[in-house]
file my_file_19.txt (compact mmCIF, C-alpha atoms)
# COMPACT_ATOMS: atom_id res chain seq x y z
CA MET A 1 -163.87 61.49 -140.33
CA THR A 2 -166.25 61.09 -143.25
CA LEU A 3 -169.64 62.64 -142.70
CA GLY A 4 -172.73 60.48 -142.92
CA THR A 5 -175.63 60.60 -145.37
CA LEU A 6 -179.21 61.68 -144.84
CA TYR A 7 -181.75 59.91 -147.05
CA ILE A 8 -185.24 61.38 -147.38
CA VAL A 9 -187.27 58.23 -148.02
CA SER A 10 -190.81 58.09 -149.40
CA THR A 11 -192.98 55.29 -148.04
CA PRO A 12 -196.47 54.06 -149.01
CA ILE A 13 -199.54 56.20 -148.32
CA GLY A 14 -201.79 53.17 -147.99
CA ASN A 15 -200.88 50.23 -150.20
CA ALA A 16 -197.85 48.42 -148.77
CA ASP A 17 -196.76 47.32 -152.26
CA ASP A 18 -195.98 50.92 -153.21
CA ILE A 19 -192.54 50.95 -151.60
CA SER A 20 -189.59 50.94 -153.99
CA ALA A 21 -186.74 48.46 -154.06
CA ARG A 22 -184.33 51.33 -153.46
CA ALA A 23 -186.29 52.52 -150.42
CA LEU A 24 -186.08 49.04 -148.92
CA ARG A 25 -182.31 48.89 -149.56
CA VAL A 26 -181.81 52.29 -147.95
CA LEU A 27 -183.91 51.43 -144.90
CA ALA A 28 -182.11 48.12 -144.50
CA GLY A 29 -178.71 49.83 -144.68
CA ALA A 30 -179.47 52.82 -142.45
CA ASP A 31 -177.91 53.11 -139.02
CA VAL A 32 -180.93 55.05 -137.77
CA VAL A 33 -184.44 55.43 -139.19
CA VAL A 34 -185.90 58.80 -138.23
CA CYS A 35 -189.68 58.72 -137.97
CA GLU A 36 -192.47 60.91 -136.64
CA GLU A 37 -193.73 58.40 -134.07
CA LEU A 38 -191.81 55.35 -132.86
CA ARG A 39 -194.85 53.09 -133.00
CA GLU A 40 -195.59 53.98 -136.62
CA GLY A 41 -191.94 53.63 -137.59
CA GLU A 42 -191.69 50.22 -135.95
CA ARG A 43 -194.90 49.10 -137.65
CA LEU A 44 -193.60 50.12 -141.09
CA LEU A 45 -190.25 48.38 -140.66
CA LYS A 46 -191.89 45.22 -139.31
CA ARG A 47 -194.14 45.11 -142.39
CA TYR A 48 -191.00 44.63 -144.52
CA GLY A 49 -189.14 42.37 -142.12
CA LEU A 50 -186.69 45.04 -140.96
CA GLN A 51 -185.38 45.81 -137.48
CA LYS A 52 -183.48 49.07 -137.15
CA ALA A 53 -182.64 51.65 -134.53
CA LEU A 54 -185.38 54.30 -134.49
CA ALA A 55 -185.34 57.96 -133.49
CA ASP A 56 -188.51 60.02 -133.27
CA LEU A 57 -188.60 63.51 -134.77
CA ASN A 58 -191.87 65.39 -134.50
CA GLU A 59 -193.36 68.79 -133.84
CA HIS A 60 -192.89 68.36 -130.09
CA ASN A 61 -189.19 67.50 -130.04
CA GLU A 62 -187.76 68.77 -133.34
CA GLN A 63 -185.66 71.55 -131.81
CA ALA A 64 -184.11 69.26 -129.20
CA ARG A 65 -183.76 66.13 -131.33
CA THR A 66 -182.19 67.70 -134.42
CA PRO A 67 -178.76 68.41 -132.83
CA GLU A 68 -178.61 64.79 -131.65
CA LEU A 69 -179.27 63.54 -135.18
CA VAL A 70 -176.78 65.99 -136.67
CA ALA A 71 -174.18 64.55 -134.29
CA GLU A 72 -174.94 61.10 -135.73
CA LEU A 73 -174.26 62.45 -139.22
CA GLN A 74 -171.03 64.03 -138.00
CA ALA A 75 -170.03 60.62 -136.66
CA GLY A 76 -170.46 59.12 -140.14
CA LYS A 77 -173.83 57.46 -139.55
CA THR A 78 -176.45 56.91 -142.27
CA LEU A 79 -179.88 58.30 -141.44
CA ALA A 80 -183.14 57.58 -143.25
CA LEU A 81 -185.90 60.13 -142.69
CA ILE A 82 -189.47 58.87 -143.19
CA SER A 83 -192.92 60.24 -142.42
CA ASP A 84 -196.01 58.37 -141.27
CA GLY A 85 -196.75 57.85 -144.96
CA GLY A 86 -195.84 59.28 -148.33
CA THR A 87 -193.10 61.77 -149.11
CA PRO A 88 -191.54 63.40 -146.03
CA LEU A 89 -191.53 67.16 -145.37
CA PHE A 90 -195.00 67.89 -146.82
CA TYR A 91 -196.39 69.35 -143.60
CA ASP A 92 -194.20 66.94 -141.67
CA PRO A 93 -191.21 67.72 -139.41
CA GLY A 94 -187.67 67.32 -140.69
CA ARG A 95 -186.88 70.50 -142.59
CA LEU A 96 -184.56 71.68 -139.82
CA LEU A 97 -182.67 68.38 -139.94
CA VAL A 98 -182.25 68.64 -143.71
CA SER A 99 -181.02 72.24 -143.41
CA GLU A 100 -178.55 71.31 -140.69
CA ALA A 101 -177.31 68.32 -142.68
CA TYR A 102 -176.50 70.67 -145.57
CA ARG A 103 -174.87 73.13 -143.16
CA ILE A 104 -172.36 70.59 -141.88
CA GLY A 105 -171.64 69.30 -145.39
CA ALA A 106 -173.28 65.89 -145.08
CA LYS A 107 -174.69 64.25 -148.20
CA VAL A 108 -178.45 64.67 -148.55
CA THR A 109 -180.43 62.72 -151.12
CA ALA A 110 -184.06 61.82 -151.78
CA VAL A 111 -185.54 58.40 -152.44
CA PRO A 112 -188.73 59.36 -154.31
CA GLY A 113 -191.96 57.43 -154.16
CA ALA A 114 -195.57 57.67 -153.10
CA SER A 115 -197.18 61.09 -152.64
CA ALA A 116 -200.85 61.68 -151.89
CA LEU A 117 -200.59 65.11 -153.48
CA MET A 118 -199.32 63.82 -156.81
CA ALA A 119 -201.69 60.84 -156.81
CA ALA A 120 -204.68 63.17 -156.33
CA LEU A 121 -203.50 65.55 -159.05
CA VAL A 122 -203.10 62.88 -161.71
CA LEU A 123 -206.45 61.32 -160.80
CA SER A 124 -208.25 64.65 -160.96
CA ALA A 125 -208.20 65.07 -164.76
CA LEU A 126 -207.81 68.80 -164.09
CA PRO A 127 -204.97 70.81 -165.68
CA ILE A 128 -201.74 70.20 -163.76
CA ASP A 129 -199.13 71.83 -165.98
CA GLN A 130 -199.33 74.51 -163.29
CA PHE A 131 -200.84 74.10 -159.84
CA HIS A 132 -200.92 75.83 -156.47
CA VAL A 133 -200.57 73.90 -153.22
CA ALA A 134 -202.63 75.84 -150.70
CA GLY A 135 -201.87 73.22 -148.07
CA MET A 136 -203.58 72.81 -144.72
CA LEU A 137 -206.49 75.13 -144.11
CA PRO A 138 -206.89 77.00 -140.80
CA VAL A 139 -208.88 75.21 -138.10
CA LYS A 140 -211.11 78.16 -137.18
CA ARG A 141 -214.05 78.67 -139.52
CA ASP A 142 -213.60 82.42 -140.09
CA GLU A 143 -209.91 82.00 -140.85
CA ARG A 144 -210.62 79.02 -143.10
CA ARG A 145 -213.14 80.99 -145.11
CA GLU A 146 -210.71 83.87 -145.44
CA ALA A 147 -208.10 81.45 -146.80
CA LEU A 148 -210.65 80.08 -149.27
CA ARG A 149 -211.63 83.58 -150.40
CA ALA A 150 -207.99 84.17 -151.27
CA LEU A 151 -208.33 81.31 -153.79
CA GLN A 152 -211.55 82.55 -155.42
CA SER A 153 -209.81 84.13 -158.40
CA GLU A 154 -206.97 81.56 -158.69
CA LYS A 155 -206.60 80.55 -162.35
CA VAL A 156 -204.59 77.37 -161.80
CA THR A 157 -205.58 74.10 -160.14
CA CYS A 158 -205.31 74.26 -156.35
CA VAL A 159 -204.65 71.50 -153.82
CA LEU A 160 -206.02 71.56 -150.27
CA LEU A 161 -205.32 69.27 -147.32
CA ASP A 162 -207.13 68.97 -144.02
CA ALA A 163 -207.88 66.64 -141.14
CA PRO A 164 -210.07 63.55 -141.77
CA TYR A 165 -212.83 64.71 -139.44
CA ARG A 166 -213.17 68.18 -141.06
CA LEU A 167 -214.18 67.20 -144.60
CA SER A 168 -217.82 68.16 -144.16
CA ALA A 169 -216.98 71.56 -142.66
CA VAL A 170 -214.42 72.29 -145.39
CA LEU A 171 -216.77 71.35 -148.22
CA ASN A 172 -219.60 73.45 -146.78
CA ASP A 173 -217.29 76.46 -146.47
CA MET A 174 -216.05 75.91 -150.03
CA LEU A 175 -219.63 75.84 -151.30
CA ASP A 176 -220.44 79.12 -149.54
CA VAL A 177 -217.27 80.83 -150.81
CA PHE A 178 -216.95 79.44 -154.34
CA GLY A 179 -220.56 78.68 -155.24
CA GLY A 180 -221.75 75.38 -156.68
CA GLU A 181 -220.23 75.43 -160.18
CA ARG A 182 -216.51 75.29 -159.41
CA PRO A 183 -215.00 71.96 -160.56
CA VAL A 184 -213.66 69.94 -157.65
CA VAL A 185 -212.20 66.52 -156.94
CA VAL A 186 -212.03 64.80 -153.56
CA ALA A 187 -209.63 61.84 -153.66
CA CYS A 188 -210.27 59.55 -150.69
CA ASP A 189 -208.20 56.73 -149.15
CA LEU A 190 -205.75 56.81 -152.04
CA THR A 191 -204.10 53.46 -152.96
CA MET A 192 -206.19 51.62 -150.37
CA PRO A 193 -208.85 49.00 -151.17
CA GLY A 194 -211.63 51.51 -150.52
CA GLU A 195 -210.13 54.25 -152.68
CA PHE A 196 -212.63 56.43 -154.48
CA VAL A 197 -212.56 59.76 -156.29
CA ALA A 198 -215.55 62.12 -156.21
CA ARG A 199 -215.51 64.46 -159.22
CA GLY A 200 -217.91 67.09 -160.51
CA ASN A 201 -219.04 70.58 -159.74
CA LEU A 202 -218.83 71.62 -156.11
CA GLY A 203 -222.58 71.54 -155.54
CA ASP A 204 -222.87 67.93 -156.69
CA VAL A 205 -219.80 66.80 -154.74
CA VAL A 206 -221.05 68.43 -151.54
CA ALA A 207 -224.45 66.74 -152.02
CA ARG A 208 -222.71 63.37 -152.50
CA PHE A 209 -220.85 63.64 -149.19
CA ARG A 210 -223.95 64.86 -147.37
CA GLN A 211 -225.74 61.71 -148.46
CA ARG A 212 -222.76 59.44 -147.78
CA PRO A 213 -220.44 61.01 -145.19
CA PHE A 214 -216.79 59.98 -145.31
CA LYS A 215 -214.17 60.00 -142.59
CA GLY A 216 -210.65 59.14 -143.68
CA GLU A 217 -207.65 60.52 -145.52
CA TYR A 218 -208.39 62.77 -148.48
CA VAL A 219 -206.97 65.41 -150.81
CA ILE A 220 -209.12 68.13 -152.37
CA VAL A 221 -208.26 69.43 -155.84
CA ILE A 222 -210.05 72.54 -157.10
CA GLY A 223 -210.19 73.68 -160.70
CA GLY A 224 -209.00 77.18 -161.48
CA VAL A 225 -211.16 80.05 -162.71
CA SER A 226 -211.53 79.96 -166.50
call {"tool": "encode", "arguments": {"input": "my_file_19.txt", "output": "structure tokens"}}
result
Amino acid sequence: MTLGTLYIVSTPIGNADDISARALRVLAGADVVVCEELREGERLLKRYGLQKALADLNEHNEQARTPELVAELQAGKTLALISDGGTPLFYDPGRLLVSEAYRIGAKVTAVPGASALMAALVLSALPIDQFHVAGMLPVKRDERREALRALQSEKVTCVLLDAPYRLSAVLNDMLDVFGGERPVVVACDLTMPGEFVARGNLGDVVARFRQRPFKGEYVIVIGGVS
């Protein structure tokens, strides 16, 4: 029997118009759409007039669910892996499924599209010929500051991600660790109607958010040491 195909499908990070024609074709043709949460997956498909079988794959069930999805590929089914928004596998579950799909010899292909990381980088006006993705910072303050100290002497542009409700804490820790002159960009609610980008030295950016607090999705881009 012919093995199935696993598509890794990028979906919008905010603006519903940012889905590609190819992504819509793949979602429409998939036997199963694999999503983090069933409610979010159903909401996304409904937005584009699609009704498909859904399977949830998240941090709580990844080990148990992956063999079931691999069996679908072995049966010749087409699977489309999506995240709650943007390009899957950036701090999202699914890597085990991709690895197992390769192991059994199934076809694996990506349908590129929206990415908060790339959107923030191109909006930053900082050098991006090289960059370092530092990713999600630790939750505990001491560990977070230690992670930031590891970036103090980084010469290339760095990208940080964190939870919406921790922006203030992260910026304050950055100010204490880096000082006020480090160039920084905070890209907020990317592609959405309220999108805005705060740019400047770290002291000014921290002052801006102290005056006008923000709670929402964001990406922080830090300039490297000259």
call {"tool": "residues_around", "arguments": {"input": "my_file_19.txt", "residues": "Pro213 in chain A", "least_positions_apart": "3", "cutoff": "9 Å", "atoms": "all atoms listed in the file", "output": "PyMOL selection string"}}
result
chain A and resi 167-168+208-210
call {"tool": "residues_around", "arguments": {"input": "my_file_19.txt", "residues": "range 202-204 of chain A", "least_positions_apart": "5", "cutoff": "9 Å", "atoms": "only C-alpha atoms", "output": "VMD selection string"}}
result
chain A and resid 171 174 to 175 178 to 185 209 222
call {"tool": "closest_residue", "arguments": {"input": "my_file_19.txt", "among": "A:Ser124, A:Leu79, A:Asp189, A:Pro112", "to": "Val98 in chain A", "atoms": "all atoms listed in the file"}}
result
A:Leu79
call {"tool": "closest_residue", "arguments": {"input": "my_file_19.txt", "among": "A:Glu100, A:Glu37, A:Asp176, A:Glu195", "to": "Tyr218 in chain A", "atoms": "all atoms listed in the file"}}
result
A:Glu195
call {"tool": "atom_distance", "arguments": {"input": "my_file_19.txt", "atom1": "CA of Phe214 in chain A", "atom2": "CA of Asp162 in chain A"}}
result
13.3 Å
call {"tool": "axis_aligned_box", "arguments": {"input": "my_file_19.txt", "around": "range 49-67 of chain A", "padding_each_side": "3 Å", "output": "AutoDock Vina command-line options"}}
result
--center_x -186.1 --center_y 57.0 --center_z -135.7 --size_x 20.6 --size_y 35.2 --size_z 18.9
call {"tool": "residues_around", "arguments": {"input": "my_file_19.txt", "residues": "Thr2 in chain A", "least_positions_apart": "5", "cutoff": "12 Å", "atoms": "only C-alpha atoms", "output": "PDB file with C-alpha atoms, in the coordinates of the input"}}
result
ATOM      1  CA  GLU A  72    -174.940  61.100-135.730  1.00  0.00           C
ATOM      2  CA  LEU A  73    -174.260  62.450-139.220  1.00  0.00           C
ATOM      3  CA  GLN A  74    -171.030  64.030-138.000  1.00  0.00           C
ATOM      4  CA  ALA A  75    -170.030  60.620-136.660  1.00  0.00           C
ATOM      5  CA  GLY A  76    -170.460  59.120-140.140  1.00  0.00           C
ATOM      6  CA  LYS A  77    -173.830  57.460-139.550  1.00  0.00           C
ATOM      7  CA  THR A  78    -176.450  56.910-142.270  1.00  0.00           C
ATOM      8  CA  ILE A 104    -172.360  70.590-141.880  1.00  0.00           C
ATOM      9  CA  GLY A 105    -171.640  69.300-145.390  1.00  0.00           C
ATOM     10  CA  ALA A 106    -173.280  65.890-145.080  1.00  0.00           C
ATOM     11  CA  LYS A 107    -174.690  64.250-148.200  1.00  0.00           C
TER      12      LYS A 107
END
call {"tool": "atom_distance", "arguments": {"input": "my_file_19.txt", "atom1": "CA of Glu143 in chain A", "atom2": "CA of Gly216 in chain A"}}
result
23.0 Å
call {"tool": "atom_distance", "arguments": {"input": "my_file_19.txt", "atom1": "CA of Ala64 in chain A", "atom2": "CA of Gly94 in chain A"}}
result
12.2 Å
call {"tool": "closest_residue", "arguments": {"input": "my_file_19.txt", "among": "A:Val34, A:Cys158, A:Leu190, A:Ala114", "to": "Gly85 in chain A", "atoms": "all atoms listed in the file"}}
result
A:Ala114
call {"tool": "residues_around", "arguments": {"input": "my_file_19.txt", "residues": "Lys155 in chain A", "least_positions_apart": "3", "cutoff": "8 Å", "atoms": "all atoms listed in the file", "output": "number ranges by chain"}}
result
A: 223-226
call {"tool": "closest_residue", "arguments": {"input": "my_file_19.txt", "among": "A:Val133, A:Leu123, A:Val170, A:Met192", "to": "Tyr91 in chain A", "atoms": "all atoms listed in the file"}}
result
A:Val133
call {"tool": "closest_residue", "arguments": {"input": "my_file_19.txt", "among": "A:Ile8, A:Ala169, A:Ala30, A:Val156", "to": "Pro93 in chain A", "atoms": "all atoms listed in the file"}}
result
A:Ile8
call {"tool": "residues_around", "arguments": {"input": "my_file_19.txt", "residues": "range 52-54 of chain A", "least_positions_apart": "3", "cutoff": "12 Å", "atoms": "all atoms listed in the file", "output": "PyMOL selection string"}}
result
chain A and resi 26-46+48-49+57+69+77-82
call {"tool": "closest_residue", "arguments": {"input": "my_file_19.txt", "among": "A:Asp17, A:Pro127, A:Met1, A:Ser83", "to": "Thr191 in chain A", "atoms": "only C-alpha atoms"}}
result
A:Asp17
